[in-house]
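Peer 1: Dropping in work01.cif, with mmCIF, C-alpha atoms and all ligand atoms.
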data_start
#
loop_
_atom_site.label_atom_id
_atom_site.label_comp_id
_atom_site.auth_asym_id
_atom_site.auth_seq_id
_atom_site.Cartn_x
_atom_site.Cartn_y
_atom_site.Cartn_z
CA MET Q 215 -56.78 99.01 37.88
CA THR Q 216 -56.17 97.27 41.23
CA GLU Q 217 -59.11 95.55 42.94
CA LYS Q 218 -59.00 98.21 45.65
CA THR Q 219 -59.36 101.09 43.16
CA SER Q 220 -62.09 99.31 41.25
CA VAL Q 221 -64.10 98.68 44.45
CA GLU Q 222 -63.80 102.36 45.43
CA LYS Q 223 -64.91 103.44 41.95
CA THR Q 224 -67.96 101.15 41.87
CA TRP Q 225 -68.90 102.31 45.38
CA LYS Q 226 -68.83 105.99 44.36
CA ALA Q 227 -70.81 105.25 41.19
CA TYR Q 228 -73.62 103.60 43.17
CA LEU Q 229 -73.76 106.38 45.74
CA ASN Q 230 -74.11 108.90 42.91
CA LYS Q 231 -77.22 107.05 41.71
CA ILE Q 232 -79.11 107.84 44.91
CA GLU Q 233 -81.50 110.75 44.59
CA PRO Q 234 -84.42 112.00 46.70
CA ALA Q 235 -87.78 110.26 46.20
CA ASP Q 236 -90.37 111.88 43.89
CA ARG Q 237 -92.13 114.63 45.89
CA THR Q 238 -94.86 115.15 43.24
CA ALA Q 239 -95.93 111.48 43.46
CA MET Q 240 -95.95 111.85 47.25
CA GLU Q 241 -98.22 114.89 47.10
CA LEU Q 242 -100.59 113.04 44.77
CA ALA Q 243 -100.63 110.06 47.14
CA LYS Q 244 -101.45 112.36 50.06
CA LYS Q 245 -104.34 113.83 48.04
CA ARG Q 246 -105.59 110.34 47.24
CA TRP Q 247 -105.53 109.38 50.93
CA ASN Q 248 -107.43 112.53 51.87
CA SER Q 249 -110.11 111.73 49.30
CA VAL Q 250 -110.72 108.20 50.67
CA ALA Q 251 -114.03 108.00 52.57
CA LYS Q 252 -112.66 107.55 56.09
CA PRO Q 253 -111.37 109.85 58.82
CA ILE Q 254 -108.40 111.80 57.46
CA GLY Q 255 -105.01 110.33 58.40
CA SER Q 256 -106.74 107.52 60.28
CA LEU Q 257 -104.43 104.74 59.09
CA GLY Q 258 -101.55 106.64 60.69
CA ILE Q 259 -98.08 105.41 59.77
CA LEU Q 260 -99.55 103.08 57.14
CA GLU Q 261 -100.67 106.16 55.23
CA GLU Q 262 -97.26 107.78 55.63
CA ASP Q 263 -95.55 104.63 54.42
CA ILE Q 264 -97.78 104.30 51.35
CA ILE Q 265 -97.08 107.97 50.52
CA LYS Q 266 -93.40 107.20 50.87
CA ILE Q 267 -93.67 104.17 48.59
CA ALA Q 268 -95.45 106.31 45.97
CA GLY Q 269 -92.45 108.66 46.11
CA ILE Q 270 -90.02 105.74 45.75
CA ARG Q 271 -91.82 104.38 42.70
CA GLY Q 272 -92.41 107.84 41.25
CA ASN Q 273 -96.05 106.86 40.78
CA ALA Q 274 -99.09 107.46 43.00
CA SER Q 275 -101.24 104.82 41.33
CA GLY Q 276 -100.97 101.06 40.81
CA MET Q 277 -99.73 100.56 44.38
CA LYS Q 278 -98.77 96.87 44.43
CA LEU Q 279 -96.82 95.16 47.18
CA ASP Q 280 -97.64 91.59 46.24
CA ARG Q 281 -94.10 90.31 45.89
CA SER Q 282 -91.81 90.70 48.88
CA ALA Q 283 -88.35 89.30 49.61
CA LEU Q 284 -86.29 89.10 52.78
CA ALA Q 285 -82.50 89.00 52.51
CA VAL Q 286 -80.91 87.50 55.62
CA MET Q 287 -77.28 88.52 55.85
CA CYS Q 288 -75.25 85.89 57.73
CA ALA Q 289 -71.77 86.37 59.19
CA ASP Q 290 -69.50 85.48 62.07
CA HIS Q 291 -67.88 87.84 64.53
CA GLY Q 292 -64.38 87.58 66.01
CA VAL Q 293 -65.57 89.31 69.19
CA VAL Q 294 -67.37 86.10 70.19
CA ALA Q 295 -63.93 85.11 71.60
CA GLU Q 296 -64.56 87.63 74.42
CA GLY Q 297 -67.48 85.53 75.71
CA VAL Q 298 -70.18 88.01 74.58
CA SER Q 299 -72.72 85.43 73.43
CA GLN Q 300 -74.45 82.48 75.02
CA THR Q 301 -73.61 80.13 72.15
CA GLY Q 302 -70.66 79.53 69.86
CA LYS Q 303 -70.29 80.82 66.32
CA ASP Q 304 -71.22 77.43 64.81
CA VAL Q 305 -74.86 78.30 65.48
CA THR Q 306 -74.69 80.98 62.75
CA ARG Q 307 -74.09 78.33 60.10
CA ILE Q 308 -76.69 75.94 61.54
CA VAL Q 309 -79.42 78.60 61.47
CA ALA Q 310 -78.28 79.77 58.01
CA GLU Q 311 -78.76 76.20 56.70
CA ASN Q 312 -82.16 76.07 58.35
CA PHE Q 313 -83.30 79.10 56.36
CA THR Q 314 -82.90 77.00 53.20
CA LYS Q 315 -85.19 74.35 54.70
CA GLY Q 316 -87.84 76.75 56.02
CA GLU Q 317 -86.92 75.78 59.58
CA THR Q 318 -86.30 79.09 61.37
CA SER Q 319 -88.70 81.38 63.23
CA THR Q 320 -88.61 83.91 60.44
CA SER Q 321 -89.12 81.23 57.76
CA LYS Q 322 -92.40 80.35 59.46
CA MET Q 323 -93.40 84.01 59.63
CA CYS Q 324 -92.49 84.44 55.95
CA ARG Q 325 -94.99 81.73 55.00
CA ILE Q 326 -97.79 83.73 56.62
CA SER Q 327 -96.56 87.03 55.26
CA GLY Q 328 -96.07 85.65 51.73
CA THR Q 329 -92.42 86.66 51.66
CA ASP Q 330 -89.57 84.82 49.94
CA LEU Q 331 -86.48 84.39 52.11
CA TYR Q 332 -82.94 84.51 50.70
CA PRO Q 333 -80.11 83.59 53.11
CA VAL Q 334 -76.79 85.18 52.17
CA ASP Q 335 -73.33 84.19 53.39
CA MET Q 336 -71.65 87.56 53.82
CA GLY Q 337 -68.83 86.24 55.97
CA MET Q 338 -69.53 83.06 57.89
CA ASP Q 339 -66.57 81.14 59.25
CA CYS Q 340 -67.07 78.10 57.00
CA GLU Q 341 -66.36 76.90 53.48
CA PRO Q 342 -68.16 78.95 50.79
CA THR Q 343 -71.26 77.40 49.24
CA GLY Q 344 -70.31 78.56 45.75
CA GLN Q 345 -73.97 79.49 45.04
CA LYS Q 346 -73.73 82.59 42.88
CA GLU Q 347 -77.40 83.28 42.05
CA PRO Q 348 -80.16 84.14 44.56
CA ASP Q 349 -82.12 80.94 45.23
CA MET Q 350 -84.30 80.40 48.29
CA HIS Q 351 -83.10 76.82 48.68
CA TRP Q 352 -79.39 77.62 48.79
CA ILE Q 353 -77.21 79.99 50.77
CA LEU Q 354 -76.12 82.72 48.37
CA ASP Q 355 -72.33 83.03 48.40
CA ARG Q 356 -71.21 86.60 48.96
CA LYS Q 357 -68.52 85.68 51.45
CA VAL Q 358 -65.91 88.39 51.88
CA ALA Q 359 -63.94 86.59 54.61
CA ARG Q 360 -64.36 83.85 57.17
CA GLY Q 361 -65.61 86.08 59.98
CA SER Q 362 -64.67 89.60 61.07
CA GLY Q 363 -61.87 90.67 63.42
CA ASN Q 364 -62.36 90.86 67.18
CA ILE Q 365 -63.46 94.50 67.50
CA ALA Q 366 -62.34 94.69 71.15
CA ARG Q 367 -58.76 94.35 69.91
CA GLU Q 368 -58.62 94.98 66.15
CA PRO Q 369 -60.66 96.34 63.22
CA ALA Q 370 -63.61 94.23 62.13
CA MET Q 371 -62.81 94.60 58.43
CA SER Q 372 -60.41 96.36 56.09
CA ARG Q 373 -61.96 99.31 54.24
CA THR Q 374 -61.90 97.27 51.02
CA GLY Q 375 -63.53 94.25 52.71
CA CYS Q 376 -66.20 96.52 54.14
CA LEU Q 377 -66.87 98.11 50.74
CA GLN Q 378 -67.09 94.65 49.14
CA ALA Q 379 -69.79 93.69 51.66
CA LEU Q 380 -71.60 97.00 51.07
CA LEU Q 381 -71.47 96.43 47.31
CA SER Q 382 -72.85 92.90 47.68
CA GLY Q 383 -75.83 94.31 49.57
CA ILE Q 384 -76.33 96.99 46.93
CA ASP Q 385 -76.09 94.47 44.11
CA LEU Q 386 -78.59 92.17 45.81
CA ALA Q 387 -81.18 94.97 46.02
CA PHE Q 388 -80.86 95.46 42.26
CA ARG Q 389 -81.06 91.70 41.60
CA LEU Q 390 -84.17 91.25 43.72
CA LYS Q 391 -85.86 94.20 42.04
CA GLU Q 392 -85.03 92.68 38.63
CA MET Q 393 -86.58 89.42 39.84
CA GLY Q 394 -89.88 91.28 40.23
CA TYR Q 395 -89.98 92.00 43.95
CA GLU Q 396 -91.80 95.18 44.93
CA ILE Q 397 -90.63 95.51 48.52
CA LEU Q 398 -87.56 94.18 50.34
CA ALA Q 399 -86.79 93.44 53.98
CA ALA Q 400 -83.38 93.35 55.68
CA GLY Q 401 -82.51 90.63 58.19
CA GLU Q 402 -79.39 89.08 59.69
CA MET Q 403 -78.07 86.03 61.45
CA GLY Q 404 -74.72 86.28 63.19
CA ILE Q 405 -73.90 85.00 66.63
CA GLY Q 406 -72.35 87.88 68.57
CA ASN Q 407 -73.63 90.62 66.26
CA THR Q 408 -75.39 92.63 68.97
CA THR Q 409 -71.88 93.45 70.32
CA PRO Q 410 -70.67 95.36 67.21
CA ALA Q 411 -74.14 96.90 66.88
CA ALA Q 412 -73.93 98.14 70.49
CA ALA Q 413 -70.43 99.56 69.90
CA MET Q 414 -71.53 101.39 66.74
CA SER Q 415 -74.71 102.69 68.34
CA ALA Q 416 -72.62 104.12 71.20
CA VAL Q 417 -70.34 105.95 68.75
CA LEU Q 418 -73.21 107.18 66.56
CA THR Q 419 -75.76 108.21 69.20
CA GLY Q 420 -73.31 109.26 71.93
CA LEU Q 421 -74.79 106.81 74.45
CA PRO Q 422 -72.16 105.55 76.96
CA PRO Q 423 -71.06 102.03 75.83
CA GLU Q 424 -72.45 100.51 79.01
CA GLU Q 425 -75.91 101.95 78.36
CA ALA Q 426 -75.86 100.91 74.70
CA THR Q 427 -75.19 97.27 75.58
CA GLY Q 428 -77.97 94.74 76.11
CA ARG Q 429 -78.23 91.01 76.59
CA GLY Q 430 -78.73 90.23 72.88
CA ALA Q 431 -80.08 86.73 72.33
CA GLY Q 432 -79.81 86.18 76.12
CA LEU Q 433 -76.89 86.32 78.55
CA SER Q 434 -76.17 85.51 82.18
CA ASP Q 435 -75.07 88.34 84.49
CA ALA Q 436 -71.45 87.19 84.12
CA GLY Q 437 -71.77 87.09 80.31
CA PHE Q 438 -73.38 90.53 80.32
CA GLU Q 439 -70.39 91.95 82.26
CA LYS Q 440 -68.00 90.48 79.67
CA LYS Q 441 -70.06 91.96 76.86
CA LYS Q 442 -70.10 95.44 78.43
CA LYS Q 443 -66.32 95.22 78.83
CA ALA Q 444 -65.86 94.15 75.19
CA VAL Q 445 -68.04 97.03 73.92
CA GLU Q 446 -66.15 99.48 76.15
CA MET Q 447 -62.78 98.15 74.85
CA ALA Q 448 -63.95 98.39 71.23
CA VAL Q 449 -65.23 101.95 71.61
CA SER Q 450 -62.08 103.09 73.49
CA ARG Q 451 -59.86 101.49 70.87
CA PHE Q 452 -61.82 103.30 68.18
CA TYR Q 453 -61.60 106.72 69.86
CA GLU Q 454 -57.90 106.25 70.50
CA LYS Q 455 -57.38 105.67 66.79
CA TYR Q 456 -59.92 108.28 65.63
CA PRO Q 457 -60.33 110.92 68.40
CA GLU Q 458 -62.28 113.21 66.03
CA TYR Q 459 -65.26 110.80 66.18
CA ARG Q 460 -65.85 111.51 69.89
CA ASN Q 461 -69.09 113.54 70.12
CA GLY Q 462 -69.50 113.32 66.33
CA THR Q 463 -72.78 114.75 65.02
CA LYS Q 464 -75.17 113.61 62.30
CA GLU Q 465 -74.25 116.75 60.36
CA GLN Q 466 -70.53 115.86 60.47
CA TYR Q 467 -71.29 112.45 58.96
CA GLU Q 468 -73.63 113.88 56.35
CA SER Q 469 -71.11 116.53 55.28
CA GLY Q 470 -68.38 113.89 54.89
CA GLU Q 471 -66.24 115.30 57.71
CA LEU Q 472 -66.73 111.96 59.49
CA SER Q 473 -67.20 108.64 57.67
CA ALA Q 474 -69.81 106.06 58.63
CA VAL Q 475 -67.80 103.56 56.52
CA THR Q 476 -64.89 103.99 58.93
CA VAL Q 477 -67.16 103.25 61.89
CA LEU Q 478 -68.56 100.19 60.10
CA ALA Q 479 -65.15 98.86 59.03
CA GLU Q 480 -63.67 99.31 62.52
CA LEU Q 481 -66.59 98.24 64.70
CA GLY Q 482 -69.13 96.42 62.48
CA GLY Q 483 -69.26 93.10 60.70
CA PHE Q 484 -70.04 91.62 57.29
CA ASP Q 485 -73.73 90.96 58.05
CA LEU Q 486 -74.26 94.54 59.23
CA ALA Q 487 -72.37 95.92 56.20
CA GLY Q 488 -74.51 93.71 53.92
CA MET Q 489 -77.69 95.21 55.36
CA THR Q 490 -76.32 98.77 55.07
CA GLY Q 491 -75.61 97.93 51.43
CA LEU Q 492 -79.13 96.59 50.93
CA PHE Q 493 -80.59 99.91 52.16
CA LEU Q 494 -78.30 101.92 49.89
CA GLY Q 495 -79.02 99.55 47.00
CA GLY Q 496 -82.77 99.93 47.58
CA ALA Q 497 -82.32 103.69 47.32
CA ALA Q 498 -80.21 103.43 44.16
CA ALA Q 499 -82.59 100.91 42.56
CA LYS Q 500 -85.71 102.75 43.82
CA ILE Q 501 -87.34 99.96 45.80
CA PRO Q 502 -88.54 100.24 49.43
CA VAL Q 503 -86.52 98.35 52.05
CA LEU Q 504 -87.95 97.54 55.47
CA MET Q 505 -85.76 97.53 58.57
CA ASP Q 506 -86.10 95.00 61.38
CA GLY Q 507 -84.76 95.48 64.92
CA PHE Q 508 -81.55 96.59 66.56
CA LEU Q 509 -79.02 95.17 64.07
CA SER Q 510 -81.07 96.35 61.14
CA THR Q 511 -81.70 99.87 62.43
CA VAL Q 512 -78.02 100.42 63.31
CA SER Q 513 -77.20 99.34 59.73
CA GLY Q 514 -79.97 101.63 58.48
CA LEU Q 515 -78.56 104.55 60.43
CA LEU Q 516 -75.16 103.94 58.84
CA ALA Q 517 -76.81 103.98 55.38
CA VAL Q 518 -78.43 107.33 56.11
CA LEU Q 519 -75.16 108.76 57.44
CA ILE Q 520 -73.47 107.62 54.22
CA ARG Q 521 -76.22 109.12 51.97
CA LYS Q 522 -79.01 111.02 53.71
CA GLU Q 523 -81.35 110.57 50.71
CA ALA Q 524 -81.36 106.81 51.42
CA LYS Q 525 -83.82 107.54 54.23
CA ASP Q 526 -86.53 108.25 51.63
CA TYR Q 527 -86.36 104.56 50.62
CA MET Q 528 -86.31 102.98 54.09
CA LEU Q 529 -89.23 101.99 56.30
CA ALA Q 530 -89.10 101.13 60.00
CA SER Q 531 -91.08 98.21 61.39
CA HIS Q 532 -90.63 97.85 65.16
CA ILE Q 533 -88.70 99.09 68.17
CA SER Q 534 -86.30 96.48 69.50
CA THR Q 535 -86.05 96.02 73.25
CA GLU Q 536 -82.24 96.24 73.06
CA PRO Q 537 -81.35 99.29 75.19
CA ALA Q 538 -80.05 101.45 72.31
CA GLY Q 539 -82.88 100.45 69.94
CA ALA Q 540 -85.05 103.50 70.62
CA ALA Q 541 -82.10 105.96 70.49
CA VAL Q 542 -81.03 104.63 67.10
CA LEU Q 543 -84.56 104.97 65.70
CA GLN Q 544 -84.82 108.45 67.15
CA MET Q 545 -81.62 109.49 65.40
CA LEU Q 546 -82.97 107.94 62.20
CA ASP Q 547 -86.20 109.85 62.72
CA LEU Q 548 -88.33 107.18 61.07
CA PRO Q 549 -91.60 106.10 62.73
CA ALA Q 550 -91.76 102.43 63.83
CA PRO Q 551 -95.40 101.32 64.06
CA LEU Q 552 -94.92 98.07 66.00
CA HIS Q 553 -94.05 98.07 69.70
CA MET Q 554 -94.23 94.39 70.55
CA GLY Q 555 -91.24 93.78 72.77
CA MET Q 556 -89.60 91.87 69.90
CA HIS Q 557 -85.86 91.13 69.81
CA LEU Q 558 -85.50 88.13 67.56
CA GLY Q 559 -83.58 89.36 64.53
CA GLU Q 560 -83.51 87.40 61.22
CA GLY Q 561 -85.70 90.17 59.75
CA SER Q 562 -88.71 89.03 61.80
CA GLY Q 563 -90.12 92.51 62.57
CA ALA Q 564 -89.86 93.59 58.95
CA VAL Q 565 -91.67 90.42 57.84
CA ALA Q 566 -94.43 91.15 60.39
CA MET Q 567 -94.87 94.61 58.87
CA ILE Q 568 -95.39 93.45 55.27
CA PRO Q 569 -99.05 92.26 55.59
CA LEU Q 570 -99.92 95.55 57.29
CA LEU Q 571 -98.44 97.50 54.40
CA ARG Q 572 -100.42 95.34 51.98
CA MET Q 573 -103.58 96.21 53.88
CA GLY Q 574 -102.71 99.89 53.61
CA ALA Q 575 -102.07 99.51 49.88
CA LYS Q 576 -105.41 97.74 49.40
CA VAL Q 577 -107.38 100.54 51.09
CA TYR Q 578 -105.36 103.14 49.19
CA GLU Q 579 -106.00 101.50 45.82
CA GLU Q 580 -109.54 100.26 46.14
CA MET Q 581 -111.49 102.33 48.64
CA SER Q 582 -114.27 104.59 47.46
CA THR Q 583 -113.86 108.33 47.85
CA PHE Q 584 -116.08 110.84 49.66
CA SER Q 585 -117.48 111.90 46.28
CA ASP Q 586 -118.15 108.24 45.27
CA ILE Q 587 -120.41 107.86 48.28
CA SER Q 588 -121.86 111.38 47.95
CA VAL Q 589 -120.48 112.65 51.25
CA GLU Q 590 -118.91 116.08 51.46
CA GLN Q 591 -115.09 115.84 51.42
CA TYR Q 592 -113.61 116.03 54.92
CA VAL Q 593 -111.26 118.93 55.56
CA ASP Q 594 -107.71 118.22 56.73
CA TYR Q 595 -107.71 120.45 59.83
CA GLN Q 596 -104.29 119.15 60.81
CA GLU Q 597 -102.88 120.71 57.67
CA LYS Q 598 -104.56 123.97 58.65
CA GLY Q 599 -102.81 123.79 62.01
CA GLU Q 600 -106.01 123.18 63.96
CA ARG Q 601 -105.29 119.62 65.12
CA PRO Q 602 -102.14 118.21 66.71
C1 LIG H 701 -80.68 79.82 67.68
C2 LIG H 701 -80.64 81.30 67.42
C3 LIG H 701 -81.42 81.85 66.42
C4 LIG H 701 -81.39 83.22 66.19
N1 LIG H 701 -82.05 83.97 65.31
C5 LIG H 701 -81.72 85.22 65.48
N2 LIG H 701 -80.83 85.34 66.48
C6 LIG H 701 -80.34 86.63 66.92
O1 LIG H 701 -79.32 86.47 67.91
C7 LIG H 701 -78.02 86.81 67.43
C8 LIG H 701 -77.49 87.99 68.19
O2 LIG H 701 -77.44 87.78 69.55
P1 LIG H 701 -76.04 87.68 70.34
O3 LIG H 701 -75.29 88.95 70.02
O4 LIG H 701 -76.43 87.59 71.77
O5 LIG H 701 -75.32 86.46 69.85
C9 LIG H 701 -78.19 87.13 65.97
O6 LIG H 701 -77.89 86.02 65.18
C10 LIG H 701 -79.65 87.53 65.88
O7 LIG H 701 -80.18 87.43 64.60
C11 LIG H 701 -80.59 84.09 66.95
C12 LIG H 701 -79.80 83.55 67.98
C13 LIG H 701 -79.81 82.16 68.23
C14 LIG H 701 -78.98 81.60 69.34
O1 LIG H 702 -83.43 93.67 67.94
C1 LIG H 702 -82.95 92.72 67.35
O2 LIG H 702 -83.00 92.64 66.11
C2 LIG H 702 -82.25 91.62 68.12
C3 LIG H 702 -82.02 91.72 69.47
C4 LIG H 702 -81.38 90.69 70.12
C5 LIG H 702 -80.97 89.58 69.44
N1 LIG H 702 -81.20 89.49 68.13
C6 LIG H 702 -81.82 90.50 67.47
#
In structure tokens, write the structure found in this file.
Ligand SMILES: Cc1cc2ncn([C@H]3O[C@H](COP(=O)(O)O)[C@@H](O)[C@H]3O)c2cc1C
Ligand SMILES: O=C(O)c1cccnc1

Peer 2:
Amino acid sequence: MTEKTSVEKTWKAYLNKIEPADRTAMELAKKRWNSVAKPIGSLGILEEDIIKIAGIRGNASGMKLDRSALAVMCADHGVVAEGVSQTGKDVTRIVAENFTKGETSTSKMCRISGTDLYPVDMGMDCEPTGQKEPDMHWILDRKVARGSGNIAREPAMSRTGCLQALLSGIDLAFRLKEMGYEILAAGEMGIGNTTPAAAMSAVLTGLPPEEATGRGAGLSDAGFEKKKKAVEMAVSRFYEKYPEYRNGTKEQYESGELSAVTVLAELGGFDLAGMTGLFLGGAAAKIPVLMDGFLSTVSGLLAVLIRKEAKDYMLASHISTEPAGAAVLQMLDLPAPLHMGMHLGEGSGAVAMIPLLRMGAKVYEEMSTFSDISVEQYVDYQEKGERP
């Protein structure tokens, strides 16, 4: 079997593992919430998320979220040559190294949130580290290539390269679950990566490329003009090659008439593909995966367009201030509890969400019920259609 055929086969096998979350466990979890002695539904999205996690685990009791891991997918982007970023690609590697030393913004947040951080080289433009096992003090080597193509002028990845990155993300979700983690978070580091994310969000949501493009990590007016032009060139190049994707709908992706893998291979990058893989792997391995901001939610949307059941295993954290952030989340139709004006990346929003989920789990597991405190059970009037 050639490598290409074997990659395609493994990819199909993983996708076939993904099934909807356990609805019975979710109903039991909802009942448990409604029995807790507090106003019904009063923890809002935290309650919804805990119900979702019960469905993922297939168990409404023993809700534990003590062990959390963040995978930070790192890669370089050929489109940086168009002047779309304030810094050069070397910064990707510098920040990636700093994850191993606990010296990044998200590393600091991880300390507070009690989350282990695993940096992963999905495709940085540097020598491979050769580190084959996940270890927080080394950059895990899952390099597919030394950077992606310049999407304004050529495909980001070959289909096989893209599938390899997706499979690495899937495999990592399984590995982290085996290592005893109960919840995962997806993050990225890749100078220039808001450009491919903007191009893909334009194709997937139908937003005009100009409106889907933001200033990323920060750009001057002149830099912003270059970035809008690069996104426009990338999207036009894509539609010229694949005219059937113009005005594509969610249903067309879900039915297989259009392929989110094609969009990712043409307009994405190895970091974004790694995160898409992590979401699909979480679904296949039955472990919840939290999304972060713009890069993460675009990757999440791709995962759902590849396998709609993957959505059952994904949780949103915050709404990025990048202009297409809200549209992507709307298409995903997953509620994001945090609106903090964040746009940092590295998985920061997802890491911020983890302590909140732990609080939800604590109330869910330990709180007394109405009957425990001899108070008549509150009625869920929302369920009866009497409350919005
Ligand atoms: C020092 C530094 C640390 C970062 N941490 C996350 N990002 C964020 O900014 C990058 C995307 O923005 P753009 O598309 O404008 O290059 C990504 O690496 C993202 O994670 C960073 C950016 C920089 C410069
Ligand atoms: O929303 C994000 O995740 C984001 C936005 C800009 C730059 N880096 C990350």

Peer 1: How many Å lie between atom CA of Met350 of chain Q and atom C11 of ligand LIG 701 (chain H), rounded to one decimal?

Peer 2: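 Separating atom CA of Met350 of chain Q from atom C11 of ligand LIG 701 (chain H) is a distance of 19.4 Å.
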
Peer 1: Please compute the atom CA of Arg271 of chain Q-atom CA of Thr238 of chain Q distance, one decimal, in Å.

Peer 2: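 Distance between the two atoms: 11.2 Å.
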
Peer 1: Identify, counting only C-alpha atoms and all ligand atoms, the protein, DNA and RNA residues located within 7 Å of ligand LIG 701 (chain H), and give them as a list in words.

Peer 2: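 Listed by chain and ascending number, the contacts are Val298, Ser299, Gln300, Thr301, Val305, Thr306, Val309, Glu402, Met403, Gly404, Ile405, Gly406, Asn407, Thr408, Thr409, Arg429, Gly430, Ala431, Gly432, Leu433, Leu558, Gly559 and Glu560 of chain Q.
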
Peer 1: Skip segment 416-427 of chain Q itself and residues of its chain fewer than 3 positions away, then list as number ranges by chain all residues within 6 Å of it, counting all atoms listed in the file.

Peer 2: Q: 412-413, 442, 446, 537-538

Peer 1: Give me the residues within 10 Å of Gly488 of chain Q as a VMD selection string, counting all atoms listed in the file and dropping any in the same chain fewer than 3 places off.

Peer 2: chain Q and resid 285 to 289 334 to 337 356 376 to 386 400 to 402 483 to 485 491 to 494 513

Peer 1: Please fill the gaps in segment 347-364 of chain Q so it has N, CA and C atoms, and write that as an mmCIF file, in the frame of the given file.

Peer 2:
data_model
loop_
_atom_site.group_PDB
_atom_site.id
_atom_site.type_symbol
_atom_site.label_atom_id
_atom_site.label_comp_id
_atom_site.auth_asym_id
_atom_site.auth_seq_id
_atom_site.Cartn_x
_atom_site.Cartn_y
_atom_site.Cartn_z
ATOM 1 N N GLU Q 347 -76.126 82.629 42.377
ATOM 2 C CA GLU Q 347 -77.400 83.280 42.050
ATOM 3 C C GLU Q 347 -78.370 83.185 43.215
ATOM 4 N N PRO Q 348 -79.183 84.239 43.467
ATOM 5 C CA PRO Q 348 -80.160 84.140 44.560
ATOM 6 C C PRO Q 348 -81.126 82.985 44.328
ATOM 7 N N ASP Q 349 -81.234 82.101 45.315
ATOM 8 C CA ASP Q 349 -82.120 80.940 45.230
ATOM 9 C C ASP Q 349 -82.516 80.634 46.681
ATOM 10 N N MET Q 350 -83.831 80.541 46.901
ATOM 11 C CA MET Q 350 -84.300 80.400 48.290
ATOM 12 C C MET Q 350 -83.834 79.102 48.946
ATOM 13 N N HIS Q 351 -83.452 78.124 48.122
ATOM 14 C CA HIS Q 351 -83.100 76.820 48.680
ATOM 15 C C HIS Q 351 -81.598 76.635 48.878
ATOM 16 N N TRP Q 352 -80.839 77.686 48.602
ATOM 17 C CA TRP Q 352 -79.390 77.620 48.790
ATOM 18 C C TRP Q 352 -78.914 78.895 49.475
ATOM 19 N N ILE Q 353 -77.782 78.782 50.159
ATOM 20 C CA ILE Q 353 -77.210 79.990 50.770
ATOM 21 C C ILE Q 353 -76.402 80.711 49.685
ATOM 22 N N LEU Q 354 -76.804 81.930 49.388
ATOM 23 C CA LEU Q 354 -76.120 82.720 48.370
ATOM 24 C C LEU Q 354 -74.698 83.056 48.849
ATOM 25 N N ASP Q 355 -73.722 82.818 48.005
ATOM 26 C CA ASP Q 355 -72.330 83.030 48.400
ATOM 27 C C ASP Q 355 -71.848 84.441 48.078
ATOM 28 N N ARG Q 356 -71.790 85.267 49.109
ATOM 29 C CA ARG Q 356 -71.210 86.600 48.960
ATOM 30 C C ARG Q 356 -70.136 86.786 50.040
ATOM 31 N N LYS Q 357 -69.492 85.666 50.348
ATOM 32 C CA LYS Q 357 -68.520 85.680 51.450
ATOM 33 C C LYS Q 357 -67.340 86.603 51.119
ATOM 34 N N VAL Q 358 -67.079 87.509 52.044
ATOM 35 C CA VAL Q 358 -65.910 88.390 51.880
ATOM 36 C C VAL Q 358 -64.729 87.775 52.637
ATOM 37 N N ALA Q 359 -64.999 87.235 53.812
ATOM 38 C CA ALA Q 359 -63.940 86.590 54.610
ATOM 39 C C ALA Q 359 -64.600 85.631 55.580
ATOM 40 N N ARG Q 360 -63.792 84.792 56.195
ATOM 41 C CA ARG Q 360 -64.360 83.850 57.170
ATOM 42 C C ARG Q 360 -64.428 84.518 58.549
ATOM 43 N N GLY Q 361 -65.403 85.380 58.705
ATOM 44 C CA GLY Q 361 -65.610 86.080 59.980
ATOM 45 C C GLY Q 361 -64.841 87.392 60.029
ATOM 46 N N SER Q 362 -65.321 88.286 60.915
ATOM 47 C CA SER Q 362 -64.670 89.600 61.070
ATOM 48 C C SER Q 362 -63.678 89.537 62.225
ATOM 49 N N GLY Q 363 -62.847 90.582 62.322
ATOM 50 C CA GLY Q 363 -61.870 90.670 63.420
ATOM 51 C C GLY Q 363 -62.553 90.895 64.757
ATOM 52 N N ASN Q 364 -61.828 90.634 65.825
ATOM 53 C CA ASN Q 364 -62.360 90.860 67.180
ATOM 54 C C ASN Q 364 -62.292 92.352 67.500
#
